[in-house]
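One structure below.
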Amino acid sequence: MTGLQVSGLTVVRGSATGPPAIGPISLSLEPGKALGIVGETGSGKTMTLRALMGLLPANFHFRGEVRLGREVGTTEDQLGRWLGRSVGVVLQNPFTAFDPLKSVGAQIVEGALRRRLLPRAEAHARAIELLEEMGFAHPEQILRLFPNQLSGGMAQRIAIAMALMPHPALLLADEPTSALDATLRLGVLRLIRRVTAATGAVLLIISHDLRLVSRFCDQIMVMYAGRAVESGPADELLNHPEHPYTRALIACTPALGSQGKRRLASIPGSPASLFQTEPCCRFAPRCSLAEEPCRHSEPQLLALGGAMVACPVVSRKLAESR
Amino acid sequence: MSAIAGNGAAVAVELDDVTRVYHSSHHAVRALDGVNFSVFAGETLAVIGESGSGKSTLTRLVAGLERPTSGRIKVAGEPPRLRPGKVATAQVVFQDPAGSLNPHRSIGKSVAEPLHKSGRRRRRAIVGEMLERVGIDPARWQDRPARFSGGQLQRVAIARALVARSSVLVCDEPTSALDVSVQAQILSLLRDLQEEIGFSCIFVTHDLAVAQVVADRVLVLKDGRVRESAEAAAFFAGPRDDYSRALLDSMAGAPLDQASRAP
């Protein structure tokens, strides 16, 4: 089995007892497939990605097992060693990926040269090829530019090319287009999707926009307060959401359509914390379906139709109606 | 004094052939170039544009933070001008709520700023009422901005903008830094307040889906020029301008993008 398998990924703060801050999260993706991790601020989506990079903040600990191709990682150090080799990373603000004093050409090959992955001439040729794939008509000219001469859209496309230099088997992208103009977003996302699909890299992409990522990801996982509450095929999730949080999230996201000026649905209350001492469904305080057991036990992900849903109430209601 | 339009509604904001040029050492940039439009009393005009379209310049001109190079602007019948000791006729809610509130000052003091002429007791009463109205516990008026979330701070910024009873509110991407569920709360709040108070709103955004939720009418800006000005329903049903159509297509597209999925 190749591709990416994550089993029982959890993140714990310090020596805290009680439920973990994040997880357990398990997922499995074949080469060339894309998963969108969707959640709001504080849902733990970035922390999950940082765990996979082996770059958790101090005092946070990773547990679980990650298999990427033939490699196996069970500690943060092991995962950290994959960075820049089998794992590429694209972050929200493209300019943080660049040294302002070096030309694009020098930076784009730097990682591959330093890790002795490619000889210089070959690295240069690969950089040109990747920039062409990223839609630059004259890559040679781009290599001579400095970061301050780039627009946001250009910088992000170059940052993607840079992450793809070592032929990574996994590309991690954290809100790669939220710093870009709305008109550029879809184009850049399509590019990322096309190159990872073509090279067989697994793509994990974080976003707060479920509608946007569901347009080009195969699978979606919705997170709330450190838990995966629902995961499944993208169209299934967008068109037939089952978890009360997924439903509410979709209802409050504006979408272009036939409806004009209107009131959007909103979710009452405010988001739950990652750090809780007692097991419970973390969405229960804001949920219209919540029952007494929801406040005392952690819901498990259960198969429901084509998706996995962590809501016993929804599962039971569906079973009853059949 | 406000002018009366042909359809009987009062005009709250009027721009007549407004141009704003910025000069640098090498060249001049026409950030706005011959812009004409009106906003009627009580309605919301969505101003749509990408980076560099001139939408922020427009915000600054209507708020009176800058003057046009040529052309005329009227807000509630008068040119917007900031005078010491006076409250601007058009109030602005900015994109970054943390950056628009003084971090060293309690939120109560920030909200009370436009009320400096009222007595202390009256000021407190109005501020408390307004905080409550936007969904912030009035008991927290002494807290500083650092103790609030982004969505809560945007509520505080809205309270400050409305406390002066201005008839025009300019919202410059007020929700683009917020989570979607918080965005929905803020948009609903603005809508409730507008129904209750009846202010006119210029809502600047690059997000067409948000524009569709809030707008009565739409204005599309590109490179400082108006590309299209239309009723919202007509615009979203089928824009007349090529650029508007491209903008709409780039965001709408097919519901599921099979072409860009797996090989």
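Chain labels run A, B, ... following the order of the structure tokens; each chain numbers its residues from 1, and ligands are numbered from 1 in the order shown.
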Give me, as JSON lines, the closest atom pair and its distance (Å, one decimal) for every residue of region 153-269 of chain A within a cut-off of 8 Å of region 293-304 of chain A, counting only C-alpha atoms, rows sorted by chain and rising number.
{"residue": "A:Ala228", "atom": "CA", "partner": "A:Leu301", "partner_atom": "CA", "distance": 7.9}
{"residue": "A:Val229", "atom": "CA", "partner": "A:Leu301", "partner_atom": "CA", "distance": 7.1}
{"residue": "A:Glu230", "atom": "CA", "partner": "A:Leu301", "partner_atom": "CA", "distance": 7.4}
Chain A residues near chain B (6 Å cut-off, only C-alpha atoms) as a PyMOL selection string: chain A and resi 40+183+197+215-216+252-256+260-264+266
In region 94-261 of chain A, what's helix (DSSP H, G or I) per DSSP? Answer as a ChimeraX atom specification? /A:94-97,104-114,120-133,139-143,147-149,152-164,182-199,210-213,234-239,244-252
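Each of B:Val156, B:Ala41, B:Val11, B:Leu32 was compared to Arg225 (chain B) using only C-alpha atoms, and B:Leu32 turns out to be the nearest.
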Quick one: residues within 9 Å of region 239-244 of chain A, only C-alpha atoms counted, chain neighbours fewer than 2 positions away excluded, as a ChimeraX atom specification? /A:229-230,234-237,246-250,283,287-289,304,307,309-311,314-315
Contacts of region 189-196 of chain A at 6 Å (only C-alpha atoms; same-chain gap of 4+ positions) as a ChimeraX atom specification: /A:32,200-201
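Between Gly238 (chain B) and the residues A:Met223, A:Gly39, A:Gly257, A:Ala173, the shortest atom-to-atom distance, using only C-alpha atoms, involves A:Gly257.
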Extract the full set of strand (DSSP E) residues from region 5-253 of chain A according to DSSP on the backbone, and format it as an MDAnalysis selection string. chainID A and resid 5:13 22:29 34:38 60:68 71:73 87:90 170:174 202:207 219:224 227:233
Would you kindly return, as a ChimeraX atom specification, each protein, DNA or RNA residue with an atom no farther than 7 Å from any atom of Ser229 (chain B), considering only C-alpha atoms and excluding same-chain residues fewer than 2 positions away? /B:218-220
Exercise: Ala125 (chain B) partners within 12 Å, only C-alpha atoms, chain neighbours under 3 positions left out, as number ranges by chain: B: 108, 111-112, 115, 118-122, 128-132, 138-139, 141, 163
Write out as a VMD selection string each polymer residue whose atoms come within 6 Å of region 84-91 of chain B, counting only C-alpha atoms; drop sequence neighbours fewer than 2 positions from it. chain B and resid 63 82 161 166 168 to 169
